[in-house]
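Data from entry.cif: mmCIF, C-alpha atoms and all ligand atoms
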data_entry
loop_
_atom_site.label_atom_id
_atom_site.label_comp_id
_atom_site.auth_asym_id
_atom_site.auth_seq_id
_atom_site.Cartn_x
_atom_site.Cartn_y
_atom_site.Cartn_z
CA MET A 27 -17.34 -12.75 -33.98
CA THR A 28 -19.93 -14.83 -32.25
CA ALA A 29 -22.39 -13.87 -29.59
CA PRO A 30 -20.92 -13.71 -26.11
CA ALA A 31 -22.14 -16.42 -23.77
CA GLY A 32 -25.22 -15.40 -21.90
CA GLN A 33 -26.34 -12.80 -24.44
CA ALA A 34 -30.12 -12.40 -24.55
CA THR A 35 -31.85 -14.36 -27.28
CA THR A 36 -34.55 -13.08 -29.63
CA ALA A 37 -36.97 -14.77 -32.00
CA LEU A 38 -35.29 -15.95 -35.19
CA PRO A 39 -36.21 -13.85 -38.27
CA THR A 40 -39.19 -15.46 -40.03
CA VAL A 41 -37.32 -16.55 -43.14
CA LEU A 42 -34.68 -18.33 -41.10
CA ARG A 43 -37.31 -19.93 -38.89
CA ASN A 44 -39.20 -21.12 -41.97
CA GLY A 45 -36.01 -22.75 -43.24
CA VAL A 46 -35.45 -24.47 -39.90
CA VAL A 47 -39.04 -25.79 -40.04
CA ALA A 48 -38.69 -26.88 -43.69
CA LEU A 49 -35.62 -28.87 -42.73
CA GLY A 50 -37.64 -30.68 -40.08
CA LEU A 51 -35.56 -29.21 -37.25
CA ALA A 52 -38.52 -27.48 -35.56
CA ASP A 53 -42.30 -27.89 -35.69
CA VAL A 54 -44.59 -25.38 -37.41
CA GLY A 55 -45.66 -22.88 -34.78
CA GLN A 56 -42.82 -23.77 -32.43
CA PRO A 57 -40.96 -20.58 -31.51
CA VAL A 58 -37.24 -20.65 -32.27
CA ARG A 59 -34.99 -18.22 -30.49
CA GLY A 60 -31.35 -17.43 -31.06
CA VAL A 61 -28.65 -14.77 -31.37
CA ALA A 62 -27.43 -12.97 -34.48
CA LEU A 63 -23.73 -13.50 -35.19
CA THR A 64 -21.61 -10.71 -36.54
CA GLY A 65 -18.38 -10.72 -38.50
CA GLY A 66 -19.49 -11.46 -42.05
CA VAL A 67 -20.70 -9.12 -44.78
CA ALA A 68 -22.45 -11.63 -46.99
CA SER A 69 -25.08 -13.39 -44.88
CA ASP A 70 -27.65 -13.32 -42.15
CA ILE A 71 -26.16 -15.82 -39.74
CA TRP A 72 -27.56 -16.85 -36.37
CA ARG A 73 -27.13 -19.29 -33.56
CA ALA A 74 -30.50 -21.01 -33.26
CA ASP A 75 -31.26 -22.62 -29.93
CA LEU A 76 -33.16 -25.86 -30.54
CA PRO A 77 -34.26 -28.24 -27.81
CA GLY A 78 -31.37 -30.57 -28.71
CA GLY A 79 -28.82 -27.76 -28.51
CA PRO A 80 -27.64 -24.85 -30.63
CA ILE A 81 -27.11 -24.98 -34.39
CA CYS A 82 -25.91 -22.32 -36.83
CA VAL A 83 -28.31 -21.07 -39.53
CA LYS A 84 -27.20 -18.97 -42.44
CA ARG A 85 -28.87 -17.31 -45.42
CA ALA A 86 -27.03 -15.38 -48.13
CA LEU A 87 -27.70 -11.68 -48.68
CA GLY A 88 -28.30 -10.44 -52.22
CA ARG A 89 -26.56 -7.13 -51.50
CA LEU A 90 -23.37 -7.40 -49.50
CA ARG A 91 -22.76 -5.15 -46.49
CA VAL A 92 -19.91 -3.11 -47.98
CA ASP A 93 -19.77 0.56 -48.97
CA SER A 94 -19.85 -0.09 -52.68
CA GLU A 95 -22.92 -1.57 -54.35
CA TRP A 96 -22.11 -5.27 -54.62
CA ILE A 97 -24.99 -7.50 -55.69
CA VAL A 98 -24.46 -11.26 -55.94
CA PRO A 99 -26.95 -14.05 -56.69
CA THR A 100 -27.97 -15.95 -53.58
CA ASN A 101 -27.82 -19.33 -55.33
CA ARG A 102 -24.23 -19.36 -54.04
CA THR A 103 -25.46 -21.08 -50.86
CA ALA A 104 -26.13 -24.27 -52.86
CA PHE A 105 -22.43 -24.33 -53.81
CA GLU A 106 -21.46 -23.58 -50.22
CA ALA A 107 -23.52 -26.52 -48.96
CA ALA A 108 -22.08 -28.80 -51.64
CA TRP A 109 -18.51 -27.77 -50.87
CA LEU A 110 -18.87 -28.18 -47.11
CA ARG A 111 -20.36 -31.64 -47.63
CA ALA A 112 -17.66 -32.72 -50.10
CA ALA A 113 -14.91 -31.35 -47.86
CA ASP A 114 -16.22 -33.01 -44.72
CA ALA A 115 -16.46 -36.30 -46.64
CA ALA A 116 -12.91 -35.98 -48.01
CA ARG A 117 -11.34 -35.00 -44.71
CA PRO A 118 -13.72 -35.33 -41.75
CA GLY A 119 -13.53 -32.28 -39.54
CA ALA A 120 -11.76 -30.02 -42.06
CA ALA A 121 -15.00 -28.17 -42.80
CA CYS A 122 -18.09 -27.38 -40.79
CA ARG A 123 -20.64 -30.21 -40.91
CA VAL A 124 -23.85 -29.50 -42.83
CA ILE A 125 -27.09 -30.44 -41.05
CA GLY A 126 -29.31 -29.51 -43.99
CA PHE A 127 -29.90 -27.07 -46.83
CA ASP A 128 -33.36 -25.90 -47.86
CA PRO A 129 -33.15 -24.50 -51.41
CA ASP A 130 -36.59 -22.85 -51.21
CA SER A 131 -35.76 -20.58 -48.28
CA GLY A 132 -32.01 -20.59 -49.02
CA VAL A 133 -31.38 -21.56 -45.39
CA LEU A 134 -28.28 -23.58 -44.59
CA ALA A 135 -28.17 -25.32 -41.19
CA LEU A 136 -24.72 -26.09 -39.83
CA ALA A 137 -23.27 -27.78 -36.78
CA TRP A 138 -22.61 -25.24 -34.04
CA LEU A 139 -18.89 -24.67 -33.51
CA ASP A 140 -18.98 -23.47 -29.94
CA PRO A 141 -16.84 -20.36 -29.39
CA THR A 142 -15.76 -21.71 -26.02
CA ASP A 143 -13.58 -24.25 -27.82
CA HIS A 144 -13.41 -22.79 -31.35
CA SER A 145 -11.54 -19.53 -31.69
CA ASN A 146 -11.72 -17.45 -34.82
CA TRP A 147 -8.24 -17.45 -36.36
CA ARG A 148 -8.50 -13.81 -37.34
CA SER A 149 -9.14 -12.88 -33.70
CA GLU A 150 -6.15 -14.94 -32.65
CA LEU A 151 -3.86 -13.29 -35.21
CA SER A 152 -5.18 -9.84 -34.36
CA ALA A 153 -4.32 -10.47 -30.71
CA GLY A 154 -0.76 -11.36 -31.71
CA HIS A 155 -1.20 -15.12 -31.24
CA VAL A 156 0.53 -16.25 -34.43
CA ASP A 157 0.66 -20.02 -34.19
CA ALA A 158 2.60 -21.46 -37.14
CA ALA A 159 1.27 -24.93 -36.26
CA VAL A 160 -2.26 -23.75 -37.08
CA ALA A 161 -1.02 -22.41 -40.43
CA ALA A 162 0.70 -25.73 -41.15
CA ALA A 163 -2.43 -27.70 -40.24
CA LEU A 164 -4.56 -25.45 -42.44
CA GLY A 165 -2.17 -25.88 -45.39
CA ASP A 166 -2.24 -29.64 -44.86
CA ARG A 167 -6.04 -29.74 -44.80
CA LEU A 168 -6.45 -27.43 -47.79
CA GLY A 169 -3.94 -29.47 -49.79
CA HIS A 170 -5.74 -32.67 -48.85
CA LEU A 171 -9.08 -31.21 -49.97
CA HIS A 172 -7.71 -29.87 -53.26
CA ALA A 173 -6.11 -33.23 -54.00
CA ALA A 174 -9.32 -35.10 -53.15
CA MET A 175 -11.39 -32.87 -55.45
CA ALA A 176 -8.94 -32.66 -58.36
CA ASP A 177 -11.17 -34.95 -60.39
CA PRO A 178 -12.94 -33.19 -63.27
CA ASP A 179 -15.30 -36.10 -63.93
CA ARG A 180 -16.70 -35.94 -60.41
CA PHE A 181 -16.46 -32.27 -59.60
CA ALA A 182 -16.13 -29.89 -62.58
CA ALA A 183 -19.79 -29.85 -63.59
CA ALA A 184 -21.09 -29.97 -60.01
CA PHE A 185 -19.05 -26.85 -59.17
CA ALA A 186 -19.41 -24.95 -62.44
CA ALA A 187 -19.72 -21.63 -60.59
CA GLY A 188 -17.36 -19.56 -62.72
CA GLU A 189 -19.88 -16.73 -63.13
CA LEU A 190 -20.40 -16.51 -59.40
CA PHE A 191 -16.66 -16.59 -58.81
CA ARG A 192 -16.28 -13.70 -61.25
CA ALA A 193 -19.02 -11.73 -59.47
CA LEU A 194 -17.69 -12.49 -55.98
CA ARG A 195 -13.97 -12.42 -56.57
CA LEU A 196 -12.48 -11.53 -59.95
CA ASP A 197 -14.52 -8.39 -60.68
CA PRO A 198 -14.74 -6.83 -57.20
CA TYR A 199 -11.13 -7.58 -56.34
CA PHE A 200 -9.11 -7.28 -59.51
CA ALA A 201 -11.23 -5.29 -61.97
CA VAL A 202 -12.04 -2.62 -59.37
CA THR A 203 -8.36 -2.48 -58.34
CA ALA A 204 -7.21 -2.25 -61.97
CA SER A 205 -9.36 0.81 -62.50
CA ALA A 206 -7.68 2.48 -59.49
CA HIS A 207 -4.18 1.57 -60.77
CA PRO A 208 -3.90 2.12 -64.54
CA VAL A 209 -0.19 1.25 -64.45
CA LEU A 210 -1.05 -2.22 -63.13
CA ALA A 211 -4.20 -2.77 -65.22
CA ALA A 212 -2.58 -4.96 -67.88
CA THR A 213 -0.91 -7.16 -65.25
CA LEU A 214 -4.12 -7.52 -63.25
CA ASP A 215 -6.17 -8.24 -66.39
CA ALA A 216 -3.71 -10.98 -67.37
CA LEU A 217 -3.98 -12.48 -63.86
CA VAL A 218 -7.78 -12.49 -64.13
CA ASP A 219 -7.63 -14.22 -67.51
CA ARG A 220 -5.22 -16.86 -66.24
CA THR A 221 -7.15 -17.46 -63.03
CA ALA A 222 -10.50 -17.68 -64.83
CA SER A 223 -9.16 -20.14 -67.38
CA THR A 224 -7.29 -22.42 -64.95
CA GLY A 225 -9.38 -25.22 -63.53
CA SER A 226 -7.94 -28.24 -61.78
CA THR A 227 -9.93 -28.71 -58.56
CA VAL A 228 -12.70 -27.26 -56.45
CA ILE A 229 -11.52 -24.20 -54.60
CA HIS A 230 -13.02 -22.71 -51.45
CA GLY A 231 -12.56 -19.14 -52.65
CA ASP A 232 -12.46 -17.39 -49.26
CA VAL A 233 -9.64 -18.93 -47.21
CA SER A 234 -9.36 -15.92 -44.95
CA PRO A 235 -8.44 -16.26 -41.27
CA LYS A 236 -11.91 -15.06 -40.32
CA ASN A 237 -13.35 -18.13 -42.02
CA VAL A 238 -11.15 -20.51 -40.04
CA LEU A 239 -12.34 -21.63 -36.62
CA VAL A 240 -9.56 -23.29 -34.65
CA GLY A 241 -11.04 -26.12 -32.63
CA PRO A 242 -9.72 -28.95 -30.48
CA ASP A 243 -9.10 -31.11 -33.58
CA GLY A 244 -7.54 -28.38 -35.68
CA PRO A 245 -8.65 -25.62 -38.06
CA VAL A 246 -12.20 -25.91 -39.45
CA LEU A 247 -13.18 -24.06 -42.63
CA VAL A 248 -16.53 -22.27 -42.87
CA ASP A 249 -18.05 -19.86 -45.41
CA ALA A 250 -17.66 -21.64 -48.75
CA GLU A 251 -19.93 -19.28 -50.72
CA CYS A 252 -17.26 -18.70 -53.34
CA ALA A 253 -16.61 -22.40 -53.99
CA SER A 254 -16.00 -23.12 -57.65
CA TRP A 255 -14.09 -25.36 -59.99
CA GLY A 256 -11.00 -23.23 -60.42
CA ASP A 257 -7.35 -22.46 -59.82
CA PRO A 258 -6.12 -23.81 -56.45
CA ALA A 259 -3.40 -21.14 -56.45
CA PHE A 260 -6.18 -18.68 -55.62
CA ASP A 261 -6.93 -20.32 -52.24
CA VAL A 262 -3.24 -20.49 -51.37
CA ALA A 263 -2.67 -16.86 -52.30
CA PHE A 264 -5.81 -15.67 -50.55
CA CYS A 265 -4.67 -17.06 -47.22
CA ILE A 266 -1.08 -15.82 -47.55
CA SER A 267 -2.20 -12.34 -48.60
CA HIS A 268 -4.13 -12.04 -45.35
CA LEU A 269 -1.10 -13.09 -43.30
CA LEU A 270 1.08 -10.54 -45.12
CA LEU A 271 -1.46 -7.75 -44.57
CA LYS A 272 -1.38 -8.57 -40.87
CA ALA A 273 2.40 -8.08 -41.00
CA ILE A 274 1.91 -4.53 -42.23
CA TRP A 275 -0.68 -3.93 -39.53
CA HIS A 276 1.48 -5.46 -36.77
CA PRO A 277 5.12 -5.15 -37.94
CA GLY A 278 6.33 -6.70 -34.70
CA ASP A 279 4.68 -9.98 -35.76
CA THR A 280 6.26 -9.99 -39.24
CA ARG A 281 8.80 -12.73 -38.61
CA ARG A 282 6.19 -15.06 -37.14
CA LEU A 283 3.66 -14.29 -39.88
CA LEU A 284 6.28 -15.08 -42.54
CA GLU A 285 7.08 -18.31 -40.73
CA ALA A 286 3.35 -19.14 -40.64
CA SER A 287 3.11 -18.41 -44.39
CA HIS A 288 6.06 -20.70 -45.13
CA ARG A 289 4.62 -23.50 -43.00
CA PHE A 290 1.20 -23.12 -44.64
CA ALA A 291 2.72 -23.23 -48.15
CA THR A 292 5.04 -26.14 -47.43
CA SER A 293 2.40 -28.38 -45.92
CA TYR A 294 -0.02 -27.44 -48.71
CA LEU A 295 2.42 -28.07 -51.56
CA ALA A 296 3.22 -31.57 -50.24
CA HIS A 297 -0.25 -32.60 -51.52
CA VAL A 298 0.10 -31.20 -55.04
CA ALA A 299 0.24 -34.11 -57.45
CA TRP A 300 -2.17 -32.94 -60.16
CA GLU A 301 0.40 -30.49 -61.54
CA GLN A 302 3.95 -29.35 -60.89
CA PRO A 303 3.97 -27.78 -57.38
CA ASP A 304 6.34 -25.06 -58.63
CA ALA A 305 3.88 -24.04 -61.33
CA LEU A 306 1.10 -23.67 -58.77
CA ALA A 307 3.37 -21.78 -56.37
CA GLY A 308 4.41 -19.45 -59.20
CA ARG A 309 0.80 -18.51 -59.95
CA ALA A 310 0.12 -18.02 -56.24
CA ALA A 311 3.16 -15.74 -55.90
CA MET A 312 1.65 -13.36 -58.45
CA LEU A 313 -1.83 -13.54 -56.95
CA VAL A 314 -0.64 -12.65 -53.42
CA PRO A 315 0.39 -9.04 -54.17
CA ALA A 316 -2.65 -8.58 -56.41
CA LEU A 317 -4.94 -9.76 -53.61
CA ALA A 318 -3.16 -7.65 -51.00
CA LEU A 319 -3.66 -4.59 -53.19
CA ALA A 320 -7.27 -5.60 -53.77
CA ARG A 321 -7.88 -5.57 -50.02
CA VAL A 322 -6.91 -1.91 -50.06
CA ASP A 323 -8.33 -0.62 -53.34
CA GLY A 324 -10.92 -3.25 -54.33
CA ALA A 325 -14.61 -3.40 -53.47
CA SER A 326 -14.12 -5.08 -50.08
CA PRO A 327 -11.27 -3.32 -48.28
CA VAL A 328 -10.03 -4.70 -44.95
CA ASP A 329 -11.22 -2.63 -42.03
CA TYR A 330 -8.04 -2.57 -39.95
CA LEU A 331 -5.44 -0.66 -41.99
CA ASP A 332 -5.01 3.11 -41.62
CA ALA A 333 -3.95 5.47 -44.44
CA PRO A 334 -0.15 5.06 -44.08
CA GLU A 335 -0.56 1.29 -43.83
CA ARG A 336 -2.71 1.23 -46.96
CA ASP A 337 -0.06 3.29 -48.76
CA HIS A 338 2.59 0.83 -47.68
CA VAL A 339 0.54 -2.09 -49.07
CA ARG A 340 0.23 -0.21 -52.37
CA GLN A 341 3.97 0.29 -52.49
CA ARG A 342 4.86 -3.34 -51.64
CA ALA A 343 2.25 -4.81 -53.98
CA THR A 344 3.10 -2.52 -56.89
CA GLU A 345 6.78 -3.37 -56.68
CA LEU A 346 6.02 -7.11 -56.72
CA LEU A 347 3.47 -6.91 -59.52
CA LEU A 348 5.86 -4.92 -61.73
CA GLY A 349 8.84 -7.16 -60.89
CA PRO A 350 7.22 -10.55 -60.36
CA PRO A 351 8.73 -12.91 -57.79
CA ASP A 352 9.90 -16.30 -58.96
CA GLY A 353 7.81 -18.43 -56.61
CA LEU A 354 6.47 -18.17 -53.08
CA ASN A 355 9.84 -18.27 -51.32
CA GLU A 356 11.05 -15.21 -53.20
CA LEU A 357 7.73 -13.48 -52.58
CA LEU A 358 8.00 -14.06 -48.82
CA ASP A 359 11.63 -12.90 -48.85
CA ARG A 360 10.73 -9.70 -50.62
CA TRP A 361 7.51 -8.75 -48.81
CA PRO A 362 9.04 -7.37 -45.57
CA ASP A 363 10.49 -3.90 -45.70
CA ASP A 364 12.95 -3.40 -42.84
CA THR A 365 12.29 0.33 -42.83
CA TRP A 366 8.58 -0.24 -42.10
CA SER A 367 7.73 0.28 -38.48
CA LYS A 368 4.96 1.95 -36.59
CA PRO A 369 5.22 4.35 -33.69
N1 LIG B 401 -21.04 -23.25 -37.66
C1 LIG B 401 -20.66 -22.17 -36.97
N2 LIG B 401 -20.63 -22.20 -35.62
C2 LIG B 401 -20.26 -21.08 -34.92
N3 LIG B 401 -19.89 -19.91 -35.47
C3 LIG B 401 -19.89 -19.83 -36.81
C4 LIG B 401 -20.28 -20.95 -37.63
N4 LIG B 401 -20.20 -20.57 -38.92
C5 LIG B 401 -19.78 -19.29 -38.92
N5 LIG B 401 -19.59 -18.83 -37.67
C6 LIG B 401 -19.13 -17.49 -37.27
O1 LIG B 401 -19.88 -16.52 -37.99
C7 LIG B 401 -18.99 -15.70 -38.78
C8 LIG B 401 -19.70 -15.40 -40.11
O2 LIG B 401 -19.98 -16.62 -40.78
P1 LIG B 401 -19.67 -16.82 -42.31
O3 LIG B 401 -20.15 -18.17 -42.72
O4 LIG B 401 -18.22 -16.53 -42.52
O5 LIG B 401 -20.59 -15.72 -42.98
P2 LIG B 401 -20.29 -14.55 -44.04
O6 LIG B 401 -20.57 -15.18 -45.36
O7 LIG B 401 -21.28 -13.48 -43.72
O8 LIG B 401 -18.85 -14.13 -43.87
C9 LIG B 401 -17.75 -16.54 -38.96
O9 LIG B 401 -16.63 -15.72 -39.17
C10 LIG B 401 -17.67 -17.30 -37.66
O10 LIG B 401 -17.02 -16.53 -36.66
MG MG B 402 -17.06 -15.15 -43.53
#
Let me see the structure of the file written as structure tokens.
Amino acid sequence: MTAPAGQATTALPTVLRNGVVALGLADVGQPVRGVALTGGVASDIWRADLPGGPICVKRALGRLRVDSEWIVPTNRTAFEAAWLRAADAARPGAACRVIGFDPDSGVLALAWLDPTDHSNWRSELSAGHVDAAVAAALGDRLGHLHAAMADPDRFAAAFAAGELFRALRLDPYFAVTASAHPVLAATLDALVDRTASTGSTVIHGDVSPKNVLVGPDGPVLVDAECASWGDPAFDVAFCISHLLLKAIWHPGDTRRLLEASHRFATSYLAHVAWEQPDALAGRAAMLVPALALARVDGASPVDYLDAPERDHVRQRATELLLGPPDGLNELLDRWPDDTWSKP
């Protein structure tokens, strides 16, 4: 994900350097060197080496690096900066600290989360290190943040990013998937309508393991470009759908991934006081199979599943969408298929 230690540095691209200067982090004319980070599809993101130490600088791309043409307004970085700030204030350390945001250049400067003591959770899971305690800590932090921001007077107008959320999430995930699965189109359309019209807190919108850096004080969320006043069930379902896709990819880890999903959900739901926890869990249980299917047939497919694995996701998700589970426990009971194994 991040640049290996010792990798050669190059001059920062001009637009990023200009942002660093505008934020008062470097002098005009002072060269700034760094290393491009990989792993995301939505941004130019670099480690910038300043005299006081490295920072992370990020600028949103207008056209995302995926096969399909996916254009999204770059004003999303303002919401990302606002979410990271609000989250860090509500629960210090739960989100990456913002150093500054320059709206003119669109450059966001963030504290550097050193890869020597922050591992990307996706890399950990991919390597078979499924630590349920990390999932539980993430659920606890996400629940804390949702509870802290479940205040429409303070947050609804500040995070009125419904159009961006539609462009980044509802259309590319569900509308594109519905057109590939006519038999599921009505169900997916109804899920979109419900998700778009449910607003009770500020959601992160991209709680994927690759956006969780596990540090010495616990999991830290990054990449809040999809933050919006919205349905918290979306964040819960987004994270669980990734864990369940990993179970199809690595069937030998299924039991531990299900345990991680349970721990995540339980510690999250303990914070839900703004509505009935069962109601939220019920919405999440429908969103999980829809999101899993969207990561196969939507605009941003995961890169690690082969053709038989993708077919298996289609089969599992279709069954659950046509015969909806009654809550997250039933969903997690029904997701594994004992006949599914890989050579
Ligand atoms: N503050 C940071 N310090 C160190 N690495 C980071 C930091 N923020 C992000 N990264 C790394 O860069 C990757 C891409 O960043 P991210 O904000 O998720 O961009 P994108 O929007 O392109 O997905 C992350 O998955 C993470 O591994
Ligand atoms: Mg990311």
Near ligand MG 402 (chain B), 12 Å: chain A residue rows, closest pairs, only C-alpha atoms and all ligand atoms, as JSON lines:
{"residue": "A:Met27", "atom": "CA", "partner": "B:MG402", "partner_atom": "MG", "distance": 9.9}
{"residue": "A:Thr28", "atom": "CA", "partner": "B:MG402", "partner_atom": "MG", "distance": 11.6}
{"residue": "A:Leu63", "atom": "CA", "partner": "B:MG402", "partner_atom": "MG", "distance": 10.8}
{"residue": "A:Thr64", "atom": "CA", "partner": "B:MG402", "partner_atom": "MG", "distance": 9.4}
{"residue": "A:Gly65", "atom": "CA", "partner": "B:MG402", "partner_atom": "MG", "distance": 6.8}
{"residue": "A:Gly66", "atom": "CA", "partner": "B:MG402", "partner_atom": "MG", "distance": 4.7}
{"residue": "A:Val67", "atom": "CA", "partner": "B:MG402", "partner_atom": "MG", "distance": 7.2}
{"residue": "A:Ala68", "atom": "CA", "partner": "B:MG402", "partner_atom": "MG", "distance": 7.3}
{"residue": "A:Ser69", "atom": "CA", "partner": "B:MG402", "partner_atom": "MG", "distance": 8.3}
{"residue": "A:Asp70", "atom": "CA", "partner": "B:MG402", "partner_atom": "MG", "distance": 10.8}
{"residue": "A:Ile71", "atom": "CA", "partner": "B:MG402", "partner_atom": "MG", "distance": 9.9}
{"residue": "A:Lys84", "atom": "CA", "partner": "B:MG402", "partner_atom": "MG", "distance": 10.9}
{"residue": "A:Ala86", "atom": "CA", "partner": "B:MG402", "partner_atom": "MG", "distance": 11.0}
{"residue": "A:Leu90", "atom": "CA", "partner": "B:MG402", "partner_atom": "MG", "distance": 11.6}
{"residue": "A:Arg91", "atom": "CA", "partner": "B:MG402", "partner_atom": "MG", "distance": 11.9}
{"residue": "A:Glu106", "atom": "CA", "partner": "B:MG402", "partner_atom": "MG", "distance": 11.6}
{"residue": "A:Asn146", "atom": "CA", "partner": "B:MG402", "partner_atom": "MG", "distance": 10.5}
{"residue": "A:Trp147", "atom": "CA", "partner": "B:MG402", "partner_atom": "MG", "distance": 11.6}
{"residue": "A:Arg148", "atom": "CA", "partner": "B:MG402", "partner_atom": "MG", "distance": 10.6}
{"residue": "A:His230", "atom": "CA", "partner": "B:MG402", "partner_atom": "MG", "distance": 11.7}
{"residue": "A:Gly231", "atom": "CA", "partner": "B:MG402", "partner_atom": "MG", "distance": 10.9}
{"residue": "A:Asp232", "atom": "CA", "partner": "B:MG402", "partner_atom": "MG", "distance": 7.7}
{"residue": "A:Val233", "atom": "CA", "partner": "B:MG402", "partner_atom": "MG", "distance": 9.1}
{"residue": "A:Ser234", "atom": "CA", "partner": "B:MG402", "partner_atom": "MG", "distance": 7.9}
{"residue": "A:Pro235", "atom": "CA", "partner": "B:MG402", "partner_atom": "MG", "distance": 9.0}
{"residue": "A:Lys236", "atom": "CA", "partner": "B:MG402", "partner_atom": "MG", "distance": 6.1}
{"residue": "A:Asn237", "atom": "CA", "partner": "B:MG402", "partner_atom": "MG", "distance": 5.0}
{"residue": "A:Val238", "atom": "CA", "partner": "B:MG402", "partner_atom": "MG", "distance": 8.7}
{"residue": "A:Leu239", "atom": "CA", "partner": "B:MG402", "partner_atom": "MG", "distance": 10.6}
{"residue": "A:Leu247", "atom": "CA", "partner": "B:MG402", "partner_atom": "MG", "distance": 9.8}
{"residue": "A:Val248", "atom": "CA", "partner": "B:MG402", "partner_atom": "MG", "distance": 7.2}
{"residue": "A:Asp249", "atom": "CA", "partner": "B:MG402", "partner_atom": "MG", "distance": 5.2}
{"residue": "A:Ala250", "atom": "CA", "partner": "B:MG402", "partner_atom": "MG", "distance": 8.4}
{"residue": "A:Glu251", "atom": "CA", "partner": "B:MG402", "partner_atom": "MG", "distance": 8.8}
{"residue": "A:Cys252", "atom": "CA", "partner": "B:MG402", "partner_atom": "MG", "distance": 10.4}
- Pick out the residues sitting within 8 Å of Asp279 in chain A, and hand them over as a ChimeraX atom specification; count all atoms listed in the file, and ignore anything fewer than 4 positions along from it in its own chain. /A:154,156,273,283
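Between CA of Leu319 in chain A and CA of Gly256 in chain A the interatomic distance comes to 21.3 Å.
Distances here use all atoms listed in the file; by that measure, the residue among A:Leu38, A:Leu194, A:Leu49, A:Leu168 closest to Ser131 in chain A is A:Leu49.
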- Query: Using all atoms listed in the file, which of A:Leu271, A:Ala153, A:Ile266, A:Leu190 sits nearest His338 in chain A?
  - Reply: A:Leu271
Just the residues within 8 Å of Ser267 in chain A, please, counting all atoms listed in the file, with nothing from its chain fewer than 2 positions along; format it as a short mmCIF file (atom, residue, chain, number, x, y, z; two decimals) with C-alpha atoms, in the coordinates of the input.
data_model
loop_
_atom_site.label_atom_id
_atom_site.label_comp_id
_atom_site.auth_asym_id
_atom_site.auth_seq_id
_atom_site.Cartn_x
_atom_site.Cartn_y
_atom_site.Cartn_z
CA ALA A 263 -2.67 -16.86 -52.30
CA PHE A 264 -5.81 -15.67 -50.55
CA CYS A 265 -4.67 -17.06 -47.22
CA LEU A 269 -1.10 -13.09 -43.30
CA LEU A 270 1.08 -10.54 -45.12
CA LEU A 271 -1.46 -7.75 -44.57
CA VAL A 314 -0.64 -12.65 -53.42
CA PRO A 315 0.39 -9.04 -54.17
CA LEU A 317 -4.94 -9.76 -53.61
CA ALA A 318 -3.16 -7.65 -51.00
#
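For the choices A:His207, A:Arg73, A:Arg43, A:Arg102, the atom-to-atom distance to ligand LIG 401 (chain B) is smallest for A:Arg73 when using all atoms listed in the file.
Taking CA of Pro80 in chain A and CA of Ser149 in chain A as endpoints, the distance between them is 22.2 Å.
When all atoms listed in the file are used to compute distances to ligand LIG 401 (chain B), the closest of the residues A:Ala291, A:Ala305, A:Val54, A:Val246 turns out to be A:Val246.
We find CA of Leu196 in chain A and CA of Glu95 in chain A to be spaced 15.5 Å apart.
Distance check against Thr142 in chain A using all atoms listed in the file: of A:Val240, A:Leu171, A:Ala311, A:Ala204, the minimum falls on A:Val240.
With all atoms listed in the file as the basis for measurement, A:Arg123 is the residue among A:Arg192, A:His268, A:Arg123, A:Arg309 that approaches ligand LIG 401 (chain B) most closely.
For the point (13.1, -12.9, -46.1), the residues with an atom at a distance of at most 12 Å are Thr280, Arg281, Arg282, Leu283, Leu284, Glu285, Ser287, His288, Leu354, Asn355, Glu356, Leu357, Leu358, Asp359, Arg360, Trp361, Pro362, Asp363 and Asp364 of chain A, counting all atoms listed in the file.
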- Message: Using all atoms listed in the file, which protein or nucleic acid residues come within 8 Å of Ala307 in chain A? Drop anything in the same chain fewer than 5 positions from it, and give the result as a list in words.
- Response: Ala259, Leu295, Gly353 and Leu354 of chain A
- Near Ala211 in chain A, within 12 Å and counting only C-alpha atoms, which residues show up once chain neighbours fewer than 3 positions away are dropped, as a PyMOL selection string? chain A and resi 200-208+214-218+316+344+347-348
